[in-house]
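Trainee: So I've got this file, target-v7.pdb, and it contains PDB, C-alpha atoms, pLDDT in the B column:
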```pdb
ATOM      1  CA  MET A   1      80.279 -15.340  61.016  1.00 56.00           C
ATOM      2  CA  PRO A   2      84.097 -15.573  60.806  1.00 58.00           C
ATOM      3  CA  ASP A   3      86.237 -12.862  62.380  1.00 56.00           C
ATOM      4  CA  LYS A   4      87.855 -10.947  59.485  1.00 58.00           C
ATOM      5  CA  SER A   5      90.805  -9.939  61.669  1.00 65.00           C
ATOM      6  CA  LEU A   6      91.815 -13.578  62.255  1.00 82.00           C
ATOM      7  CA  CYS A   7      91.920 -14.624  58.575  1.00 90.00           C
ATOM      8  CA  GLU A   8      93.408 -13.057  55.490  1.00 94.00           C
ATOM      9  CA  VAL A   9      92.000 -13.733  52.028  1.00 95.00           C
ATOM     10  CA  ILE A  10      94.250 -12.759  49.127  1.00 96.00           C
ATOM     11  CA  THR A  11      92.415 -12.912  45.809  1.00 97.00           C
ATOM     12  CA  LYS A  12      94.477 -13.066  42.634  1.00 97.00           C
ATOM     13  CA  ILE A  13      92.791 -12.812  39.272  1.00 97.00           C
ATOM     14  CA  ARG A  14      94.594 -14.685  36.510  1.00 97.00           C
ATOM     15  CA  ASN A  15      92.138 -14.495  33.612  1.00 97.00           C
ATOM     16  CA  VAL A  16      89.417 -12.022  32.622  1.00 97.00           C
ATOM     17  CA  ASP A  17      87.232 -12.226  29.535  1.00 97.00           C
ATOM     18  CA  VAL A  18      84.370 -10.001  28.454  1.00 96.00           C
ATOM     19  CA  GLN A  19      82.361 -10.316  25.260  1.00 96.00           C
ATOM     20  CA  LYS A  20      79.871  -7.746  24.049  1.00 96.00           C
ATOM     21  CA  MET A  21      77.518  -9.646  21.782  1.00 95.00           C
ATOM     22  CA  ASP A  22      75.169  -6.818  20.773  1.00 95.00           C
ATOM     23  CA  ASP A  23      76.792  -3.664  19.395  1.00 93.00           C
ATOM     24  CA  LYS A  24      73.511  -1.742  19.709  1.00 94.00           C
ATOM     25  CA  ALA A  25      73.329  -2.309  23.473  1.00 94.00           C
ATOM     26  CA  ASP A  26      74.570   0.387  25.845  1.00 94.00           C
ATOM     27  CA  HIS A  27      74.549   1.182  29.557  1.00 92.00           C
ATOM     28  CA  ASN A  28      70.803   2.006  29.394  1.00 93.00           C
ATOM     29  CA  THR A  29      69.756  -1.365  27.949  1.00 94.00           C
ATOM     30  CA  PRO A  30      67.541  -3.184  30.470  1.00 93.00           C
ATOM     31  CA  VAL A  31      69.005  -6.586  31.352  1.00 92.00           C
ATOM     32  CA  ILE A  32      68.815  -9.341  33.920  1.00 91.00           C
ATOM     33  CA  PHE A  33      72.175 -10.600  35.171  1.00 90.00           C
ATOM     34  CA  ASP A  34      72.748 -14.288  35.843  1.00 88.00           C
ATOM     35  CA  PHE A  35      75.779 -14.907  38.029  1.00 85.00           C
ATOM     36  CA  GLY A  36      77.449 -18.300  38.424  1.00 87.00           C
ATOM     37  CA  ALA A  37      80.522 -19.438  40.312  1.00 87.00           C
ATOM     38  CA  ASN A  38      82.646 -22.493  40.980  1.00 90.00           C
ATOM     39  CA  LEU A  39      84.992 -22.823  43.955  1.00 91.00           C
ATOM     40  CA  GLU A  40      87.429 -25.720  44.255  1.00 92.00           C
ATOM     41  CA  GLU A  41      89.995 -26.413  46.917  1.00 93.00           C
ATOM     42  CA  ALA A  42      93.378 -26.592  45.161  1.00 94.00           C
ATOM     43  CA  ASP A  43      95.720 -26.949  48.134  1.00 94.00           C
ATOM     44  CA  ARG A  44      95.648 -27.233  51.910  1.00 94.00           C
ATOM     45  CA  SER A  45      98.665 -26.868  54.174  1.00 93.00           C
ATOM     46  CA  SER A  46      99.538 -25.705  57.664  1.00 89.00           C
ATOM     47  CA  GLU A  47      99.736 -22.153  56.280  1.00 88.00           C
ATOM     48  CA  GLY A  48      96.203 -22.150  54.885  1.00 94.00           C
ATOM     49  CA  VAL A  49      93.993 -23.093  51.967  1.00 96.00           C
ATOM     50  CA  VAL A  50      94.173 -22.167  48.283  1.00 96.00           C
ATOM     51  CA  LEU A  51      90.947 -22.115  46.268  1.00 95.00           C
ATOM     52  CA  ASN A  52      90.558 -21.902  42.508  1.00 95.00           C
ATOM     53  CA  PHE A  53      87.512 -19.963  41.373  1.00 94.00           C
ATOM     54  CA  LYS A  54      85.683 -19.230  38.152  1.00 93.00           C
ATOM     55  CA  MET A  55      82.886 -16.677  38.071  1.00 92.00           C
ATOM     56  CA  THR A  56      80.645 -16.068  35.093  1.00 91.00           C
ATOM     57  CA  MET A  57      78.042 -13.421  34.481  1.00 92.00           C
ATOM     58  CA  ASP A  58      75.639 -13.502  31.539  1.00 92.00           C
ATOM     59  CA  THR A  59      72.854 -11.121  30.617  1.00 93.00           C
ATOM     60  CA  GLU A  60      69.308 -11.673  29.423  1.00 93.00           C
ATOM     61  CA  PRO A  61      68.826 -10.583  26.722  1.00 94.00           C
ATOM     62  CA  SER A  62      72.202 -11.884  25.666  1.00 95.00           C
ATOM     63  CA  ILE A  63      74.240  -8.699  25.207  1.00 96.00           C
ATOM     64  CA  ALA A  64      77.367  -9.552  27.218  1.00 96.00           C
ATOM     65  CA  LYS A  65      79.245 -12.298  29.010  1.00 96.00           C
ATOM     66  CA  PHE A  66      81.967 -12.017  31.661  1.00 95.00           C
ATOM     67  CA  VAL A  67      84.328 -14.719  32.909  1.00 96.00           C
ATOM     68  CA  VAL A  68      86.789 -14.114  35.757  1.00 96.00           C
ATOM     69  CA  GLU A  69      89.142 -16.847  36.985  1.00 97.00           C
ATOM     70  CA  GLY A  70      91.716 -16.859  39.723  1.00 97.00           C
ATOM     71  CA  THR A  71      92.834 -18.086  43.104  1.00 97.00           C
ATOM     72  CA  ALA A  72      92.127 -17.134  46.680  1.00 96.00           C
ATOM     73  CA  LYS A  73      94.648 -17.883  49.403  1.00 97.00           C
ATOM     74  CA  ILE A  74      93.204 -18.046  52.895  1.00 96.00           C
ATOM     75  CA  SER A  75      95.604 -17.860  55.808  1.00 95.00           C
ATOM     76  CA  GLY A  76      95.093 -17.532  59.536  1.00 93.00           C
ATOM     77  CA  GLU A  77      93.899 -19.614  62.432  1.00 91.00           C
ATOM     78  CA  GLU A  78      92.659 -23.030  61.341  1.00 91.00           C
ATOM     79  CA  ALA A  79      89.323 -22.672  63.132  1.00 91.00           C
ATOM     80  CA  GLU A  80      88.678 -19.319  61.433  1.00 92.00           C
ATOM     81  CA  ILE A  81      89.641 -20.751  58.027  1.00 93.00           C
ATOM     82  CA  GLU A  82      87.087 -23.526  58.531  1.00 93.00           C
ATOM     83  CA  LYS A  83      84.457 -20.921  59.438  1.00 92.00           C
ATOM     84  CA  LEU A  84      85.250 -19.015  56.212  1.00 92.00           C
ATOM     85  CA  LEU A  85      84.853 -22.217  54.206  1.00 92.00           C
ATOM     86  CA  SER A  86      81.547 -23.060  55.880  1.00 92.00           C
ATOM     87  CA  ALA A  87      78.223 -21.966  54.407  1.00 88.00           C
ATOM     88  CA  ASP A  88      76.379 -18.886  55.600  1.00 85.00           C
ATOM     89  CA  PRO A  89      73.122 -20.266  57.077  1.00 87.00           C
ATOM     90  CA  GLN A  90      71.064 -17.495  55.441  1.00 83.00           C
ATOM     91  CA  THR A  91      72.407 -17.896  51.897  1.00 78.00           C
ATOM     92  CA  ASN A  92      73.963 -21.382  51.951  1.00 80.00           C
ATOM     93  CA  VAL A  93      77.059 -19.885  50.254  1.00 83.00           C
ATOM     94  CA  PRO A  94      80.535 -20.195  51.809  1.00 88.00           C
ATOM     95  CA  PHE A  95      81.522 -17.016  53.670  1.00 90.00           C
ATOM     96  CA  VAL A  96      84.784 -16.877  51.706  1.00 92.00           C
ATOM     97  CA  PHE A  97      82.851 -16.486  48.468  1.00 90.00           C
ATOM     98  CA  THR A  98      81.666 -13.014  49.459  1.00 87.00           C
ATOM     99  CA  ARG A  99      85.256 -11.969  50.185  1.00 90.00           C
ATOM    100  CA  ILE A 100      86.382 -13.185  46.736  1.00 92.00           C
ATOM    101  CA  TYR A 101      83.391 -11.562  45.028  1.00 90.00           C
ATOM    102  CA  GLN A 102      84.315  -8.153  46.473  1.00 90.00           C
ATOM    103  CA  THR A 103      87.495  -8.188  44.369  1.00 92.00           C
ATOM    104  CA  VAL A 104      85.874  -9.717  41.274  1.00 92.00           C
ATOM    105  CA  TYR A 105      82.973  -7.251  41.320  1.00 91.00           C
ATOM    106  CA  SER A 106      85.285  -4.249  40.911  1.00 92.00           C
ATOM    107  CA  VAL A 107      86.773  -5.832  37.776  1.00 94.00           C
ATOM    108  CA  ILE A 108      83.339  -6.653  36.311  1.00 93.00           C
ATOM    109  CA  PHE A 109      82.087  -3.134  37.101  1.00 93.00           C
ATOM    110  CA  MET A 110      85.065  -1.524  35.330  1.00 94.00           C
ATOM    111  CA  LEU A 111      84.689  -3.782  32.281  1.00 94.00           C
ATOM    112  CA  ALA A 112      80.942  -3.098  32.027  1.00 95.00           C
ATOM    113  CA  GLY A 113      81.693   0.621  31.716  1.00 95.00           C
ATOM    114  CA  THR A 114      84.490  -0.014  29.230  1.00 95.00           C
ATOM    115  CA  VAL A 115      82.274  -2.015  26.839  1.00 95.00           C
ATOM    116  CA  ASP A 116      79.242   0.241  27.501  1.00 96.00           C
ATOM    117  CA  ILE A 117      76.742  -2.172  28.981  1.00 94.00           C
ATOM    118  CA  PRO A 118      74.632  -1.762  32.151  1.00 93.00           C
ATOM    119  CA  TYR A 119      76.517  -1.922  35.426  1.00 92.00           C
ATOM    120  CA  PRO A 120      75.680  -4.950  37.551  1.00 90.00           C
ATOM    121  CA  SER A 121      74.371  -4.380  41.050  1.00 83.00           C
ATOM    122  CA  PRO A 122      76.810  -5.065  43.888  1.00 79.00           C
ATOM    123  CA  ALA A 123      73.900  -6.925  45.517  1.00 75.00           C
ATOM    124  CA  LEU A 124      73.960  -9.793  43.003  1.00 69.00           C
ATOM    125  CA  LEU A 125      74.774 -12.156  45.855  1.00 62.00           C
ATOM    126  CA  LYS A 126      72.029 -11.027  48.226  1.00 57.00           C
ATOM    127  CA  ARG A 127      69.706 -13.846  47.118  1.00 49.00           C
ATOM    128  CA  PRO A 128      72.030 -16.529  45.802  1.00 49.00           C
ATOM    129  CA  HIS A 129      70.914 -19.986  44.832  1.00 44.00           C
ATOM    130  CA  VAL A 130      73.405 -22.729  45.621  1.00 40.00           C
ATOM    131  CA  ARG A 131      73.336 -25.712  43.300  1.00 39.00           C
ATOM    132  CA  THR A 132      76.176 -27.749  44.851  1.00 35.00           C
ATOM    133  CA  ALA A 133      77.944 -27.872  48.206  1.00 34.00           C
ATOM    134  CA  TYR A 134      81.354 -26.225  48.703  1.00 43.00           C
ATOM    135  CA  GLN A 135      83.327 -29.477  48.786  1.00 37.00           C
ATOM    136  CA  ALA A 136      82.441 -30.330  45.190  1.00 39.00           C
ATOM    137  CA  ALA A 137      81.935 -26.785  43.884  1.00 40.00           C
ATOM    138  CA  ALA A 138      79.852 -23.862  45.027  1.00 40.00           C
ATOM    139  CA  GLU A 139      77.469 -22.918  42.263  1.00 40.00           C
ATOM    140  CA  VAL A 140      75.753 -19.601  42.702  1.00 42.00           C
ATOM    141  CA  SER A 141      73.021 -18.214  40.511  1.00 41.00           C
ATOM    142  CA  SER A 142      71.462 -14.884  41.376  1.00 43.00           C
ATOM    143  CA  PRO A 143      69.390 -12.975  38.847  1.00 46.00           C
ATOM    144  CA  ALA A 144      69.331  -9.207  39.314  1.00 49.00           C
ATOM    145  CA  THR A 145      67.767  -6.608  37.072  1.00 49.00           C
ATOM    146  CA  THR A 146      68.883  -3.172  35.974  1.00 52.00           C
ATOM    147  CA  ALA A 147      66.859  -0.535  34.270  1.00 48.00           C
TER     148      ALA A 147
END
```
Give the structure from the file, written as structure tokens.
Mentor:
Amino acid sequence: MPDKSLCEVITKIRNVDVQKMDDKADHNTPVIFDFGANLEEADRSSEGVVLNFKMTMDTEPSIAKFVVEGTAKISGEEAEIEKLLSADPQTNVPFVFTRIYQTVYSVIFMLAGTVDIPYPSPALLKRPHVRTAYQAAAEVSSPATTA
């Protein structure tokens, strides 16, 4: 696991979209969340790496959809940056993804309350399913239920 003190990850959100598709739904409506994400390397220099990301969260039944897009700038020692970009052996998801998700989750949580739908669990990434490797794009899908 990378040493957090040797790398800095600055996450900047540039676009947020939420759609409530069922006006009758509220924060007590039972749903399953489906979370997906794409990570792409946008730039690499001696100062670090810049990643573009797009995270989506849908619900089943279809009552809401979230999309959050932005960038993450990773700076620090090159060896530690490479560790952050490598996949966690337990989840097969790049370590940096969890750091980005920590910022994105707070935005999704706030928006869920604002549009009165169930709050997603912060543990959505505990059992992720990776569809593609980091180099092309990290695709994560992790259903979680609320009730």
Trainee: List the residues sitting within 8 Å of (89.7, -10.9, 50.2) in the file's frame, using only C-alpha atoms, as a list of chain:residue names.
Mentor: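 Here the neighbourhood of the point contains A:Glu8, A:Val9, A:Ile10, A:Thr11, A:Ala72, A:Val96, A:Arg99, A:Ile100, A:Gln102, A:Thr103.
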Trainee: Considering all atoms listed in the file, can you say which of A:Pro122, A:Gly76, A:Pro30, A:Gly48 comes closest to A:Tyr101?
Mentor: A:Pro122
Trainee: With distances taken over all atoms listed in the file, which residue among A:Val93, A:Ala112, A:Met55, A:Val67 lies nearest A:Val16?
Mentor: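 Using all atoms listed in the file, A:Val16 sits closest to A:Val67.
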Trainee: So how far away is atom CA of A:Asn92 from atom CA of A:Ser46, in Å?
Mentor: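 So the two atoms, atom CA of A:Ser46 and atom CA of A:Asn92, lie 26.6 Å apart.
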Trainee: On this structure, which residues satisfy the PyMOL selection byres ((chain A and resi 21) around 7), written as an mmCIF file with C-alpha atoms, keeping the file's coordinate frame?
Mentor:
```cif
data_model
loop_
_atom_site.group_PDB
_atom_site.id
_atom_site.type_symbol
_atom_site.label_atom_id
_atom_site.label_comp_id
_atom_site.auth_asym_id
_atom_site.auth_seq_id
_atom_site.Cartn_x
_atom_site.Cartn_y
_atom_site.Cartn_z
ATOM 1 C CA GLN A 19 82.361 -10.316 25.260
ATOM 2 C CA LYS A 20 79.871 -7.746 24.049
ATOM 3 C CA ASP A 22 75.169 -6.818 20.773
ATOM 4 C CA ASP A 23 76.792 -3.664 19.395
ATOM 5 C CA SER A 62 72.202 -11.884 25.666
ATOM 6 C CA ILE A 63 74.240 -8.699 25.207
ATOM 7 C CA ALA A 64 77.367 -9.552 27.218
#
```
Trainee: Give me the residues within 6 Å of A:Asp58 as a ChimeraX atom specification, counting all atoms listed in the file and dropping any in the same chain fewer than 5 places off.
Mentor: /A:33-34,65
Trainee: Would you write out, as a CSV table (one decimal) with C-alpha atoms, keeping the file's coordinate frame, every residue that the PyMOL selection byres ((chain A and resi 111) around 12) captures in this file?
Mentor:
```csv
chain,number,residue,atom,x,y,z
A,16,VAL,CA,89.4,-12.0,32.6
A,17,ASP,CA,87.2,-12.2,29.5
A,18,VAL,CA,84.4,-10.0,28.5
A,19,GLN,CA,82.4,-10.3,25.3
A,20,LYS,CA,79.9,-7.7,24.0
A,27,HIS,CA,74.5,1.2,29.6
A,57,MET,CA,78.0,-13.4,34.5
A,64,ALA,CA,77.4,-9.6,27.2
A,65,LYS,CA,79.2,-12.3,29.0
A,66,PHE,CA,82.0,-12.0,31.7
A,67,VAL,CA,84.3,-14.7,32.9
A,68,VAL,CA,86.8,-14.1,35.8
A,104,VAL,CA,85.9,-9.7,41.3
A,105,TYR,CA,83.0,-7.3,41.3
A,106,SER,CA,85.3,-4.2,40.9
A,107,VAL,CA,86.8,-5.8,37.8
A,108,ILE,CA,83.3,-6.7,36.3
A,109,PHE,CA,82.1,-3.1,37.1
A,110,MET,CA,85.1,-1.5,35.3
A,112,ALA,CA,80.9,-3.1,32.0
A,113,GLY,CA,81.7,0.6,31.7
A,114,THR,CA,84.5,0.0,29.2
A,115,VAL,CA,82.3,-2.0,26.8
A,116,ASP,CA,79.2,0.2,27.5
A,117,ILE,CA,76.7,-2.2,29.0
A,118,PRO,CA,74.6,-1.8,32.2
A,119,TYR,CA,76.5,-1.9,35.4
A,120,PRO,CA,75.7,-5.0,37.6
```
Trainee: Produce the centre coordinates and the three edge lengths, each in Å to one decimal, of the box along x, y and z that contains all listed atoms of stretch 57-71 of chain A with 6 Å added on each side, as JSON.
Mentor:
```
{"center_x": 80.8, "center_y": -13.4, "center_z": 34.2, "size_x": 36.0, "size_y": 21.4, "size_z": 29.9}
```
Trainee: Could you list, with a cut-off of 12 Å and counting all atoms listed in the file, the residues of stretch 25-71 of chain A near stretch 78-89 of chain A, each shown with its nearest atom pair and the distance in Å rounded to one decimal, rows sorted by chain and ascending number, as CSV?
Mentor:
```
residue,atom,partner,partner_atom,distance
A:Leu39,CA,A:Leu85,CA,10.3
A:Glu40,CA,A:Leu85,CA,10.9
A:Glu41,CA,A:Leu85,CA,9.9
A:Arg44,CA,A:Ile81,CA,10.7
A:Ser45,CA,A:Glu78,CA,10.1
A:Ser46,CA,A:Glu78,CA,8.2
A:Glu47,CA,A:Glu78,CA,8.7
A:Gly48,CA,A:Ile81,CA,7.4
A:Val49,CA,A:Ile81,CA,7.8
A:Val50,CA,A:Ile81,CA,10.8
A:Leu51,CA,A:Leu85,CA,10.0
```
Trainee: Find, counting only C-alpha atoms, the residue in A:Gln90, A:Thr59, A:Ser75, A:Asn52 that gets nearest to A:Arg14.
Mentor: A:Asn52
Trainee: Kindly indicate which residue among A:Asn28, A:Ile74, A:Asn15, A:Pro61 lies nearest to A:Phe97, using all atoms listed in the file for the distances.
Mentor: A:Ile74
Trainee: What gap, in Å, lies between atom CA of A:Cys7 and atom CA of A:Ala123?
Mentor: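 Atom-to-atom, atom CA of A:Cys7 and atom CA of A:Ala123 are spaced 23.5 Å apart.
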Trainee: Quick one: pull the distance between atom CA of A:Asn38 and atom CA of A:Thr56, Å, one decimal.
Mentor: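 So the answer is 8.9 Å.
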